[in-house]
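*Asks:* Structure: input17.txt, compact mmCIF, C-alpha atoms and all ligand atoms.
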# COMPACT_ATOMS: atom_id res chain seq x y z
CA MET A 1 0.00 0.00 0.00
CA GLU A 2 2.87 2.35 0.71
CA ARG A 3 4.86 1.44 -2.39
CA GLU A 4 5.36 4.33 -4.82
CA SER A 5 3.67 3.92 -8.14
CA SER A 6 5.91 3.30 -11.15
CA THR A 7 3.58 5.41 -13.28
CA GLU A 8 3.28 9.17 -12.98
CA GLU A 9 0.24 10.67 -11.33
CA GLY A 10 -1.84 13.39 -13.02
CA GLU A 11 -3.43 16.38 -11.30
CA ASN A 12 -7.06 16.24 -12.34
CA ASP A 13 -10.11 14.71 -10.73
CA LEU A 14 -12.14 12.60 -13.06
CA GLU A 15 -15.23 14.47 -14.09
CA TYR A 16 -17.19 11.34 -14.57
CA ILE A 17 -20.18 11.33 -16.86
CA LYS A 18 -20.90 7.95 -18.45
CA GLY A 19 -18.07 5.47 -17.91
CA GLU A 20 -17.05 5.35 -21.58
CA VAL A 21 -13.63 3.77 -22.13
CA GLU A 22 -11.47 4.27 -25.17
CA PHE A 23 -8.14 2.65 -26.08
CA ARG A 24 -6.77 4.97 -28.80
CA ASN A 25 -3.79 3.75 -30.84
CA ILE A 26 -2.43 1.87 -27.83
CA SER A 27 0.87 0.03 -28.10
CA PHE A 28 2.77 -1.46 -25.20
CA SER A 29 5.98 -3.41 -24.53
CA TYR A 30 7.07 -4.60 -21.10
CA PRO A 31 10.29 -2.89 -19.95
CA GLY A 32 13.33 -4.76 -21.23
CA SER A 33 11.35 -6.58 -23.89
CA SER A 34 11.89 -5.84 -27.57
CA SER A 35 8.50 -7.16 -28.68
CA GLN A 36 5.15 -5.44 -28.37
CA VAL A 37 2.47 -7.17 -26.32
CA ILE A 38 -0.14 -4.76 -27.68
CA HIS A 39 0.16 -3.09 -31.06
CA ASN A 40 -2.08 -0.20 -32.09
CA MET A 41 -5.19 -1.29 -30.19
CA ASN A 42 -8.29 0.79 -30.89
CA ILE A 43 -11.42 0.00 -28.90
CA THR A 44 -14.30 2.16 -27.71
CA ILE A 45 -16.60 0.82 -25.01
CA GLU A 46 -19.84 2.67 -24.45
CA GLY A 47 -20.61 3.87 -20.94
CA GLY A 48 -22.87 1.44 -19.10
CA SER A 49 -22.34 -1.38 -21.59
CA LYS A 50 -21.10 -4.91 -20.89
CA VAL A 51 -18.27 -6.18 -23.05
CA ALA A 52 -15.94 -9.17 -23.04
CA PHE A 53 -12.39 -9.77 -24.23
CA VAL A 54 -11.90 -13.30 -25.52
CA GLY A 55 -8.81 -14.79 -27.10
CA PRO A 56 -5.86 -17.12 -26.78
CA SER A 57 -3.58 -17.02 -23.76
CA GLY A 58 -0.88 -14.35 -23.92
CA VAL A 59 -2.47 -11.93 -26.42
CA GLY A 60 -2.53 -9.09 -23.86
CA LYS A 61 -6.00 -9.18 -22.29
CA SER A 62 -4.79 -8.76 -18.69
CA THR A 63 -2.18 -6.25 -19.85
CA ALA A 64 -5.01 -4.13 -21.33
CA PHE A 65 -6.68 -4.11 -17.88
CA LYS A 66 -3.44 -3.05 -16.19
CA LEU A 67 -3.07 -0.21 -18.70
CA LEU A 68 -6.63 0.95 -17.99
CA MET A 69 -5.99 0.80 -14.22
CA GLY A 70 -2.93 3.02 -14.74
CA MET A 71 -0.67 0.26 -13.36
CA LEU A 72 1.27 0.30 -16.64
CA GLU A 73 1.82 3.17 -19.05
CA PRO A 74 1.29 2.70 -22.79
CA THR A 75 4.40 3.10 -24.91
CA GLU A 76 2.21 4.85 -27.47
CA GLY A 77 -1.37 6.07 -27.58
CA THR A 78 -3.93 7.30 -25.10
CA ILE A 79 -6.50 5.70 -22.83
CA LEU A 80 -9.53 7.88 -22.21
CA ILE A 81 -12.40 7.65 -19.74
CA ASP A 82 -15.28 9.86 -20.78
CA GLY A 83 -12.89 11.65 -23.11
CA GLN A 84 -10.32 12.39 -20.38
CA ASP A 85 -6.79 11.05 -20.79
CA ILE A 86 -6.16 8.85 -17.73
CA LYS A 87 -2.57 10.16 -17.61
CA THR A 88 -3.93 13.53 -16.49
CA LEU A 89 -5.94 12.05 -13.63
CA LYS A 90 -5.10 11.65 -9.97
CA THR A 91 -4.56 7.99 -9.11
CA ASP A 92 -7.22 8.17 -6.37
CA SER A 93 -9.73 9.54 -8.81
CA LEU A 94 -9.02 6.75 -11.28
CA HIS A 95 -9.22 4.06 -8.61
CA GLU A 96 -12.49 5.46 -7.36
CA VAL A 97 -14.24 4.86 -10.67
CA ILE A 98 -12.64 1.52 -11.53
CA GLY A 99 -13.13 -1.66 -9.52
CA MET A 100 -11.17 -4.72 -10.51
CA MET A 101 -11.37 -8.42 -9.80
CA PRO A 102 -7.98 -9.64 -11.03
CA GLN A 103 -7.08 -13.25 -11.94
CA ASN A 104 -5.49 -13.74 -8.54
CA SER A 105 -7.59 -11.71 -6.17
CA TYR A 106 -5.37 -9.81 -3.77
CA LEU A 107 -6.10 -9.44 -0.09
CA PHE A 108 -4.10 -7.38 2.38
CA ASN A 109 -2.81 -9.09 5.51
CA THR A 110 -5.33 -7.43 7.79
CA THR A 111 -8.93 -7.97 8.90
CA VAL A 112 -11.80 -9.07 6.68
CA MET A 113 -13.56 -5.76 7.40
CA GLU A 114 -10.56 -3.65 6.37
CA ASN A 115 -10.13 -5.69 3.20
CA ILE A 116 -13.73 -5.22 2.18
CA THR A 117 -13.96 -1.52 3.03
CA PHE A 118 -10.54 -0.77 1.55
CA ALA A 119 -12.04 1.15 -1.38
CA ARG A 120 -14.52 3.11 0.79
CA GLN A 121 -13.31 3.31 4.33
CA ASN A 122 -16.39 5.08 5.68
CA ALA A 123 -18.63 2.11 4.78
CA THR A 124 -20.80 0.96 7.69
CA TYR A 125 -21.00 -2.53 9.17
CA GLU A 126 -24.51 -2.90 7.64
CA GLU A 127 -23.23 -2.03 4.17
CA CYS A 128 -20.39 -4.49 4.62
CA TYR A 129 -22.76 -7.23 5.79
CA ASP A 130 -25.10 -6.58 2.85
CA ALA A 131 -22.21 -6.69 0.34
CA CYS A 132 -20.96 -9.97 1.81
CA CYS A 133 -24.43 -11.54 1.61
CA ARG A 134 -24.70 -10.54 -2.04
CA ALA A 135 -21.21 -11.87 -2.72
CA GLY A 136 -22.03 -15.20 -1.06
CA ILE A 137 -19.27 -14.93 1.56
CA GLU A 138 -21.23 -13.92 4.68
CA LYS A 139 -21.67 -17.46 6.03
CA THR A 140 -17.95 -18.18 5.67
CA ILE A 141 -17.10 -14.99 7.58
CA LYS A 142 -19.65 -15.73 10.30
CA GLY A 143 -18.07 -19.19 10.76
CA ARG A 144 -14.66 -17.69 11.56
CA ALA A 145 -13.48 -16.80 15.04
CA GLY A 146 -13.40 -13.01 15.06
CA GLN A 147 -15.78 -12.86 12.11
CA TYR A 148 -15.28 -9.47 10.36
CA GLY A 149 -12.28 -8.93 12.64
CA ALA A 150 -10.65 -12.22 11.55
CA THR A 151 -7.35 -11.80 9.75
CA THR A 152 -7.08 -12.85 6.13
CA GLY A 153 -3.40 -13.86 6.36
CA GLU A 154 -0.54 -13.06 4.02
CA ASN A 155 -2.11 -12.54 0.60
CA GLY A 156 -5.38 -13.98 1.91
CA ALA A 157 -3.84 -17.36 2.80
CA ASN A 158 -6.59 -18.04 5.36
CA PHE A 159 -9.18 -18.16 2.57
CA SER A 160 -9.55 -20.37 -0.49
CA GLY A 161 -9.14 -18.97 -4.02
CA GLY A 162 -12.93 -18.85 -4.57
CA GLU A 163 -13.49 -17.21 -1.16
CA ARG A 164 -10.86 -14.59 -1.95
CA GLN A 165 -12.64 -13.80 -5.21
CA ARG A 166 -15.95 -13.45 -3.38
CA LEU A 167 -14.34 -11.13 -0.80
CA VAL A 168 -13.05 -8.99 -3.66
CA LEU A 169 -16.53 -9.02 -5.22
CA ALA A 170 -17.92 -7.75 -1.88
CA ARG A 171 -15.23 -5.04 -1.97
CA ILE A 172 -16.45 -4.00 -5.43
CA PHE A 173 -20.09 -3.96 -4.22
CA ILE A 174 -19.04 -1.57 -1.44
CA GLN A 175 -16.97 0.56 -3.78
CA LYS A 176 -19.77 0.92 -6.38
CA PRO A 177 -17.37 1.90 -9.16
CA LYS A 178 -18.69 3.13 -12.48
CA ILE A 179 -16.36 0.78 -14.36
CA VAL A 180 -15.89 -2.87 -13.33
CA LEU A 181 -13.09 -5.06 -14.66
CA ILE A 182 -13.31 -8.81 -14.15
CA ASP A 183 -10.44 -11.08 -15.17
CA GLU A 184 -11.77 -14.61 -14.87
CA GLY A 185 -8.37 -16.18 -15.32
CA THR A 186 -7.69 -19.62 -16.70
CA SER A 187 -7.79 -21.45 -13.40
CA ALA A 188 -11.00 -23.24 -12.55
CA LEU A 189 -13.53 -21.18 -10.63
CA ASP A 190 -15.78 -23.03 -8.24
CA ALA A 191 -19.36 -23.29 -9.49
CA GLU A 192 -20.71 -20.89 -6.85
CA THR A 193 -18.21 -18.14 -7.66
CA GLU A 194 -18.77 -18.63 -11.38
CA ALA A 195 -22.55 -18.30 -10.93
CA LEU A 196 -22.05 -15.21 -8.76
CA ILE A 197 -19.89 -13.52 -11.36
CA LYS A 198 -22.51 -14.26 -14.01
CA HIS A 199 -25.29 -12.92 -11.78
CA SER A 200 -23.24 -9.81 -10.96
CA ILE A 201 -22.67 -9.04 -14.64
CA ASP A 202 -26.36 -9.47 -15.44
CA GLN A 203 -27.90 -7.84 -12.33
CA GLU A 204 -25.59 -6.22 -9.77
CA PHE A 205 -23.64 -4.14 -12.24
CA ALA A 206 -26.64 -2.89 -14.22
CA GLY A 207 -25.93 0.59 -15.58
CA ARG A 208 -22.18 0.24 -15.02
CA THR A 209 -19.53 -0.36 -17.63
CA VAL A 210 -18.31 -3.95 -17.24
CA ILE A 211 -15.32 -5.37 -19.08
CA ILE A 212 -14.69 -9.05 -18.54
CA VAL A 213 -11.78 -11.18 -19.69
CA ALA A 214 -13.70 -14.37 -20.23
CA HIS A 215 -12.37 -17.88 -20.35
CA ARG A 216 -15.77 -19.45 -19.81
CA LEU A 217 -18.01 -18.38 -22.64
CA SER A 218 -21.18 -19.18 -20.70
CA SER A 219 -20.55 -16.03 -18.57
CA ILE A 220 -20.73 -13.71 -21.56
CA ARG A 221 -23.64 -14.92 -23.69
CA ARG A 222 -25.68 -11.86 -22.82
CA VAL A 223 -23.01 -9.14 -22.95
CA ASP A 224 -23.51 -6.31 -25.45
CA LYS A 225 -20.31 -6.88 -27.33
CA ILE A 226 -17.52 -9.45 -27.47
CA PHE A 227 -14.08 -8.45 -28.75
CA VAL A 228 -12.11 -11.44 -30.00
CA LEU A 229 -8.43 -10.62 -29.60
CA GLY A 230 -5.60 -12.07 -31.64
CA THR A 231 -1.83 -11.61 -31.45
CA CYS A 232 -0.69 -8.21 -30.06
CA GLY A 233 -4.18 -7.30 -28.92
CA LYS A 234 -5.45 -7.11 -32.52
CA ILE A 235 -9.25 -7.17 -32.72
CA VAL A 236 -9.99 -10.16 -34.90
CA GLU A 237 -13.77 -9.83 -34.72
CA GLU A 238 -16.43 -8.11 -32.64
CA GLY A 239 -20.16 -8.47 -32.13
CA ASN A 240 -22.62 -10.03 -29.73
CA HIS A 241 -22.74 -13.77 -29.07
CA ASP A 242 -25.45 -14.56 -31.62
CA GLU A 243 -23.83 -12.47 -34.36
CA LEU A 244 -20.44 -14.07 -33.84
CA VAL A 245 -21.80 -17.61 -33.71
CA ALA A 246 -23.77 -16.96 -36.92
CA LYS A 247 -20.63 -15.55 -38.57
CA GLY A 248 -18.93 -18.93 -38.13
CA CYS A 249 -15.35 -17.63 -37.66
CA GLU A 250 -13.03 -17.49 -34.59
CA TYR A 251 -15.61 -17.00 -31.86
CA ALA A 252 -17.84 -19.69 -33.37
CA LYS A 253 -14.88 -22.10 -33.08
CA TYR A 254 -14.43 -21.28 -29.41
CA TRP A 255 -18.16 -21.70 -28.85
CA LYS A 256 -18.09 -25.14 -30.49
CA MET A 257 -15.24 -26.11 -28.20
CA HIS A 258 -17.21 -24.83 -25.25
CA LEU A 259 -20.14 -27.01 -26.26
CA GLY A 260 -17.75 -29.93 -26.57
CA GLU A 261 -18.21 -30.29 -30.31
CA GLU A 262 -15.32 -31.52 -32.42
CA LEU A 263 -13.65 -29.02 -34.72
CA PRO A 264 -13.33 -30.04 -38.39
CA VAL A 265 -9.75 -31.24 -38.99
CA ASP A 266 -8.94 -28.48 -41.50
CA GLU A 267 -9.90 -25.60 -39.18
CA PRO A 268 -6.94 -23.16 -39.15
CA SER A 269 -6.32 -23.19 -35.44
CA VAL A 270 -3.17 -25.32 -35.75
CA GLY A 271 -0.17 -23.72 -34.08
CA GLU A 272 -2.30 -21.17 -32.23
CA PRO A 273 -2.84 -21.33 -28.52
CA LEU A 274 -6.48 -22.00 -27.78
CA ILE A 275 -8.43 -20.31 -25.08
CA ASP A 276 -9.34 -22.33 -22.06
CA VAL A 277 -13.02 -23.04 -22.38
CA SER A 278 -13.32 -25.45 -19.50
CA SER A 279 -16.58 -24.96 -17.69
N1 LIG A 301 5.57 -8.39 -16.14
C1 LIG A 301 5.77 -8.89 -17.37
N2 LIG A 301 6.99 -8.77 -17.96
C2 LIG A 301 7.22 -9.23 -19.20
N3 LIG A 301 6.28 -9.85 -19.97
C3 LIG A 301 5.06 -9.98 -19.42
C4 LIG A 301 4.74 -9.53 -18.10
N4 LIG A 301 3.44 -9.80 -17.85
C5 LIG A 301 2.96 -10.42 -18.96
N5 LIG A 301 3.93 -10.53 -19.90
C6 LIG A 301 3.79 -11.12 -21.25
O1 LIG A 301 2.86 -10.32 -21.97
C7 LIG A 301 2.06 -11.16 -22.80
C8 LIG A 301 0.57 -10.85 -22.53
O2 LIG A 301 0.28 -11.25 -21.20
P1 LIG A 301 -1.21 -11.10 -20.62
O3 LIG A 301 -1.17 -11.60 -19.23
O4 LIG A 301 -1.68 -9.73 -20.86
O5 LIG A 301 -1.99 -12.11 -21.58
P2 LIG A 301 -3.48 -12.64 -21.48
O6 LIG A 301 -4.07 -12.52 -22.85
O7 LIG A 301 -4.20 -11.95 -20.39
O8 LIG A 301 -3.23 -14.17 -21.11
P3 LIG A 301 -4.13 -15.21 -20.24
O9 LIG A 301 -5.38 -15.44 -21.02
O10 LIG A 301 -3.26 -16.43 -20.17
O11 LIG A 301 -4.36 -14.60 -18.90
C9 LIG A 301 2.45 -12.60 -22.51
O12 LIG A 301 3.34 -13.03 -23.51
C10 LIG A 301 3.17 -12.50 -21.18
O13 LIG A 301 4.18 -13.49 -21.07
Transcribe the structure of this file into structure tokens.
*Replies:*
Amino acid sequence: MERESSTEEGENDLEYIKGEVEFRNISFSYPGSSSQVIHNMNITIEGGSKVAFVGPSGVGKSTAFKLLMGMLEPTEGTILIDGQDIKTLKTDSLHEVIGMMPQNSYLFNTTVMENITFARQNATYEECYDACCRAGIEKTIKGRAGQYGATTGENGANFSGGERQRLVLARIFIQKPKIVLIDEGTSALDAETEALIKHSIDQEFAGRTVIIVAHRLSSIRRVDKIFVLGTCGKIVEEGNHDELVAKGCEYAKYWKMHLGEELPVDEPSVGEPLIDVSS
């Protein structure tokens, strides 16, 4: 928490209007690497819409999230929220409007209560309780000695992976950010957490901008738009689930895999990493 950010902080507060996100001509290479992870990415996400990033492992989906969170700085291009360059914004202002559930949900080595109210420290016990009920973690907390005062351990070691994700979901419910980022990750989610994430996208985050990196296509059938990413963050195709299935290209292949159907032997996916569509 006390570590200095490696990216520079701007001076402006975010004058939030709609939660529109734009990646404009974004390119990025990790320091010390000669190759670009993202090359000239251009995406606009309407405020209040639900979109998903889908694509093979390593094409830069999580990196795009880190760029939007201001954790990494693009080598070229601009990221805008409601038309404001995030580089000009105060870090606090940015973190107030964006809530993120990363692949490996991070917990601080402190109490459950402090972890949940981290993003809004004036939250009341009632709000915390309500958020935990909605995130399906209340019973687990109640079963612990110390309950909301129980310690989570180093990086949340006292809780399972699914429980950590649900605690982070409760944190996002408390925070009420305008923009929600969910990185499902490739590791298996337990069925309860998976169902909760799906429910949250459909119901809890109504009216908010939600961007989800999806490895389980069942979570994103109803999102407004799916961006299928290829190498270097290139948008290979975009559309909603029905449009992309009807189109019969990349996304339709992933969907067939998800349904457990065999791909025809001459499909050109040879040599390409496939997304994890385990359900
Ligand atoms: N800190 C880092 N330093 C150098 N290279 C990195 C770093 N983090 C990620 N990479 C590389 O950047 C590329 C994109 O990684 P990223 O995690 O964004 O991919 P992804 O599409 O989210 O993958 P997955 O679906 O497996 O989570 C990968 O080749 C990865 O090895």
*Asks:* Kindly provide, as AutoDock Vina command-line options, the centre and edge lengths (Å, one decimal) of an axis-aligned box around all atoms of ligand LIG 301 (chain A) given in the file, with 6 Å on each side.
*Replies:*
--center_x 0.9 --center_y -12.4 --center_z -19.8 --size_x 24.6 --size_y 20.0 --size_z 19.4
*Asks:* Looking at A:Tyr254, A:Phe173, A:Tyr30, A:Phe108, which one is nearest to ligand LIG 301 (chain A), with distances taken over only C-alpha atoms and all ligand atoms?
*Replies:*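 Answer, going by the shortest atom-to-atom distance: A:Tyr30.
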*Asks:* Around ligand LIG 301 (chain A), which protein and nucleic acid residues have at least one atom no more than 12 Å from it, if we count all atoms listed in the file? List them as a PyMOL selection string.
*Replies:* chain A and resi 28-39+53-67+71-72+102-104+182-187+212-216+228-234+273-277
*Asks:* Restricting the output to C-alpha atoms, write the selected residues as a tab-separated table (two decimals), keeping the file's coordinate frame.
*Replies:*
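The resulting file, again_20.tsv, is shown below:
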chain	number	residue	atom	x	y	z
A	28	PHE	CA	2.77	-1.46	-25.20
A	29	SER	CA	5.98	-3.41	-24.53
A	30	TYR	CA	7.07	-4.60	-21.10
A	31	PRO	CA	10.29	-2.89	-19.95
A	32	GLY	CA	13.33	-4.76	-21.23
A	33	SER	CA	11.35	-6.58	-23.89
A	34	SER	CA	11.89	-5.84	-27.57
A	35	SER	CA	8.50	-7.16	-28.68
A	36	GLN	CA	5.15	-5.44	-28.37
A	37	VAL	CA	2.47	-7.17	-26.32
A	38	ILE	CA	-0.14	-4.76	-27.68
A	39	HIS	CA	0.16	-3.09	-31.06
A	53	PHE	CA	-12.39	-9.77	-24.23
A	54	VAL	CA	-11.90	-13.30	-25.52
A	55	GLY	CA	-8.81	-14.79	-27.10
A	56	PRO	CA	-5.86	-17.12	-26.78
A	57	SER	CA	-3.58	-17.02	-23.76
A	58	GLY	CA	-0.88	-14.35	-23.92
A	59	VAL	CA	-2.47	-11.93	-26.42
A	60	GLY	CA	-2.53	-9.09	-23.86
A	61	LYS	CA	-6.00	-9.18	-22.29
A	62	SER	CA	-4.79	-8.76	-18.69
A	63	THR	CA	-2.18	-6.25	-19.85
A	64	ALA	CA	-5.01	-4.13	-21.33
A	65	PHE	CA	-6.68	-4.11	-17.88
A	66	LYS	CA	-3.44	-3.05	-16.19
A	67	LEU	CA	-3.07	-0.21	-18.70
A	71	MET	CA	-0.67	0.26	-13.36
A	72	LEU	CA	1.27	0.30	-16.64
A	102	PRO	CA	-7.98	-9.64	-11.03
A	103	GLN	CA	-7.08	-13.25	-11.94
A	104	ASN	CA	-5.49	-13.74	-8.54
A	182	ILE	CA	-13.31	-8.81	-14.15
A	183	ASP	CA	-10.44	-11.08	-15.17
A	184	GLU	CA	-11.77	-14.61	-14.87
A	185	GLY	CA	-8.37	-16.18	-15.32
A	186	THR	CA	-7.69	-19.62	-16.70
A	187	SER	CA	-7.79	-21.45	-13.40
A	212	ILE	CA	-14.69	-9.05	-18.54
A	213	VAL	CA	-11.78	-11.18	-19.69
A	214	ALA	CA	-13.70	-14.37	-20.23
A	215	HIS	CA	-12.37	-17.88	-20.35
A	216	ARG	CA	-15.77	-19.45	-19.81
A	228	VAL	CA	-12.11	-11.44	-30.00
A	229	LEU	CA	-8.43	-10.62	-29.60
A	230	GLY	CA	-5.60	-12.07	-31.64
A	231	THR	CA	-1.83	-11.61	-31.45
A	232	CYS	CA	-0.69	-8.21	-30.06
A	233	GLY	CA	-4.18	-7.30	-28.92
A	234	LYS	CA	-5.45	-7.11	-32.52
A	273	PRO	CA	-2.84	-21.33	-28.52
A	274	LEU	CA	-6.48	-22.00	-27.78
A	275	ILE	CA	-8.43	-20.31	-25.08
A	276	ASP	CA	-9.34	-22.33	-22.06
A	277	VAL	CA	-13.02	-23.04	-22.38
*Asks:* Considering only C-alpha atoms, state which residue in the set A:Lys225, A:Lys18, A:His241, A:Lys142 is at the smallest distance from Lys50 of chain A.
*Replies:*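 Among the listed residues, the smallest separation from Lys50 of chain A belongs to A:Lys225.
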*Asks:* May I ask for the distance between atom CA of Ser105 of chain A and atom CA of Val168 of chain A, given in Å to one decimal place?
*Replies:*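 Answer for the atom CA of Ser105 of chain A to atom CA of Val168 of chain A separation: 6.6 Å.
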*Asks:* List the neighbours of Thr209 of chain A out to 7 Å using only C-alpha atoms; skip same-chain residues closer than 2 positions along the sequence, and give me the result as a ChimeraX atom specification.
*Replies:* /A:19,47-50,178-180,207,211
*Asks:* What is the distance, in Å and to one decimal place, between atom CA of Ala52 of chain A and atom CA of Ile226 of chain A?
*Replies:*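 We find that atom CA of Ala52 of chain A and atom CA of Ile226 of chain A lie 4.7 Å from each other.
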*Asks:* Could you tell me which of A:Ser200, A:Leu259, A:Gln84, A:Glu238 comes closest to Leu217 of chain A if we count all atoms listed in the file?
*Replies:*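 The closest residue to Leu217 of chain A is A:Leu259.
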*Asks:* In Å, how far is it from atom CA of Arg208 of chain A to atom CA of Pro177 of chain A?
*Replies:*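 It comes out at 7.8 Å.
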*Asks:* Using all atoms listed in the file, determine which residues lie at most 12 Å from Ser160 of chain A, disregarding the query and same-chain residues fewer than 6 positions distant; provide the list as an MDAnalysis selection string.
*Replies:* chainID A and resid 104:107 137 140 152:153 166:167 189:190 193
*Asks:* From the set A:Leu94, A:Gln203, A:Ile17, A:Ile141, which residue has the shortest atom-to-atom contact distance to Glu46 of chain A, counting all atoms listed in the file?
*Replies:*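 When distances to Glu46 of chain A are compared using all atoms listed in the file, the smallest one comes from A:Ile17.
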*Asks:* For a quick check of understanding, using only C-alpha atoms, which of A:Glu96, A:Glu73, A:Asp202, A:Glu237 has the smallest distance to Arg222 of chain A?
*Replies:*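 Selected residue with least distance to Arg222 of chain A: A:Asp202.
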*Asks:* I'd like to know which of A:Ala246, A:Leu89, A:Met100, A:Val112 is closest to Leu169 of chain A, using only C-alpha atoms.
*Replies:*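 So, comparing all the options, the nearest one is A:Met100.
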*Asks:* Find the residues around Lys198 of chain A up to 8 Å (only C-alpha atoms counted), leave out those fewer than 4 positions away in its own chain, and share them as a list in words.
*Replies:* Glu194, Asp202, Ser219 and Ile220 of chain A
